[in-house]
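This report concerns only the one structure given below.
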Amino acid sequence: MPSVTLDVSAVYPDATSLGAYVSWTQSSQSSAPLGTPVDTSTVSSGEVTFDNLTEDETYLAVGQVSGAWVKYGFTVNLSPPGVLVNGVELATQEALDAEVSTRASADSSLDTRTDATEADIAVLNEFINVKNYGCVGDGTTDDTTAWNAALAAAEAATGSGAKVVAPSGSYLLDGEINFDQFVTFEGAGARETILKLNDAGSSIHFNEYGGATNSRGGEVSGFHIDGQNLATTCMDVHHSVNRNFRDFRVSRPGEDGIALLVRAAQNCNFIGFDAEATRATLNTTGIKVTESSGSCRFSKYSLNEFSYADIHVTQDTAGGQEGIGYPEPRFISFDDGIVERGVTTTACLIRVHSGRDLWFTRQVLALGVGDTVSAGYNIVEVNDDGAGATTRQIYFDMGHTAGCTSSAKYSTAFDISGSVDTYTSIRRWQFGNNLEGVNIASGQTCTVKDYNNTSTTTMFPGIDPNTQTKTAANTISTMDPQIDYYEVSGNTTINTLNATYSGHQIVLKFSGTPTVSSSAGNLKLSGLVDMSATADDLLCLVCDGTNWHETSRVVK
């Protein structure tokens with residue numbers, strides 16, 4: 001077998017014993033190497049020769065110098081005998097010549113592909129520029145094929161997707177454009193990168209494309225989707241999970257169209273966006289949340305001119321989305337929004353038809369100054385859609401609701417109705433400009449706290465949310481735990497009130513002449529003395545969970 005001679009004069013002094021290792025470790029620099037060397041030799045005249053290296057391999061020559069173990073790497077090509085390169089790598093002259101020829105040929109072929117080089121490098125870096133795939137972005141050229149090619153490259157770039165980048169421009173697109181799995185998207189800004197949808201079936205989807213996996217994770221930002229009054233759905237977020245959508249704009253959906261549709265999405269954030277419709281386009285919706293969407297947040301947004309609803313939360317599929325144990329959207333928050341319309345319409349600004357645990361905070365809900373709006377409609381509508389889902393726990397906190405300055409007006413700011421109790425809460429709210437306040441249908445529980453009514457009309461055109469009427473009877477049932485003031489009519493003796501919870505305080509105001517007895521039921525009056533009520537008398541009671549105890553009475 002051939003010998004391999006190395007010049008090691010710069011590393012080891014003469015007489016140093018060296019071992020040639022394929023694998024070498026040591027517990028510390030002062031410790032001897034672990035493992036068995038393939039060959040051993042001694043440095044003489046600055047050189048060392050190994051005679052027993054049996055295979056092509058990268059070796060380490062290891063020897064001790066001044067108490068420390070020093071290594072020197074070299075590569076061996078044993079067949080045929082070769083020449084030493086740089087004192088480290090051993091290769092045949094024939095191999096070197098072949099490598100030079102191969103590299104020269106490769107360089108020559110790359111010179112003929114200058115149009116693809118930037119795109120190739122972008123793919124390797126998981127960075128896909130749509131213009132490298134043929135997108136023109138002049139607003140008139142159909143960029144659909146080129147755009148889809150860029151998305152396909154992004155999806156194939158790595159197992160975790162890549163970022164698609166769209167420079168400033170106006171891109172004309174037909175059909176569905178799908179952002180799949182982990183692919184993210186970045187435009188130059190909501191006023192710079194415009195995606196123009198060219199027919200009713202065109203839309204931008206962030207969804208379960210192909211039915212394989214949910215679209216998970218990633219940032220989407222810096223774009224404007226223009227439906228051109230044609231597209232039925234401009235932006236469709238379907239089955240997306242853990243995505244953030246920022247700095248975007250959606251405008252001009254077609255008739256019966258939706259600007260932003262969110263369905264079966266989980267843990268998604270929509271931050272810093274605006275949406276707008278053309279005033280004359282019929283039956284348009286700004287944001288529609290449906291199909292078991294959950295834990296989604298909409299923040300810092302502006303919505304304008306939608307003729308059906310600016311925000312619509314509802315259930316579209318009976319029984320809910322597959323894999324979800326409930327049909328209606330849940331845990332959805334709308335925060336820091338401006339919702340405005342200056343259009344004659346029968347629509348609501350916010351419609352809640354199905355949903356649970358929904359929050360609307362820091363909202364400005366306003367009709368345009370000077371516009372005429374048909375009376376008899378509401379700015380906010382909360383009810384149930386009767387499709388098997390429920391509407392419960394709807395919270396409105398810190399907001400302002402304003403009507404038109406003209407004499408024509410919406411009937412109420414809030415209309416609370418439905419076949420099931422929606423448990424709606426309205427707190428810290430300002431009402432003004434030709435609006436009646438809150439209409440609460442019979443059977444609904446609605447609390448209104450800390451409000452400021454500057455309207456010229458009635459605050460509560462329905463029943464007062466903190467008042468219920470009762471008719472005197474031996475037993476008065478269905479006492480509402482959220483109501484603390486009851487107007488009681490009739491003259492029948494009252495023995496029992498349905499118990500609620502410990503600490504619940506109520507006031508009974510009488511319009512008739514009933515007797516309130518402490519001898520036959522759960523009423524514990526002061527001194528066990530019955531009360532013979534007359535009109536406008538008051539009786540104050542507190543519940544201990546079983547009985548009602550008198551705290552005071554006012555006899556007129």
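In the structure tokens, each chain is lettered A, B, ... as it comes, each chain's residues begin at 1, and ligands are numbered from 1 in order of appearance.
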(request) For A:Gly272, list every protein, DNA or RNA residue within 7 Å, evaluated using only C-alpha atoms, and leave out those in the same chain fewer than 2 positions away; present the list as a ChimeraX atom specification. (result) /A:246-247,270,299-301
(message) With only C-alpha atoms as the counted atoms, please give the residues lying no more than 10 Å from stretch 477-488 of chain A, apart from itself and same-chain residues fewer than 5 positions off, as an NGL selection string.
(response) :A and (423 or 445-447 or 464-472 or 496-501 or 504-514 or 535-536 or 538 or 540-541)
(message) Just the number, please: distance in Å from atom CA of A:Val165 to atom CA of A:Ala150, one decimal.
(response)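 A separation of 9.3 Å between them.
Closest approach to A:Ala15 from the set A:Asn547, A:Ser3, A:Thr54, A:Thr42 is made by A:Thr42, with distances taken over only C-alpha atoms.
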(request) May I ask which of the residues A:Thr284, A:Thr551, A:Thr475, A:Thr290 is the closest one to A:Asn522, counting only C-alpha atoms? (result)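 Counting only C-alpha atoms, the residue closest to A:Asn522 is A:Thr475.
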(request) Have a look at A:Ala200, A:Leu60, A:Val48, A:Ala20 and name the one nearest to A:Thr36; count only C-alpha atoms. (result)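 Comparing A:Ala200, A:Leu60, A:Val48, A:Ala20 against A:Thr36, the winner is A:Ala20.
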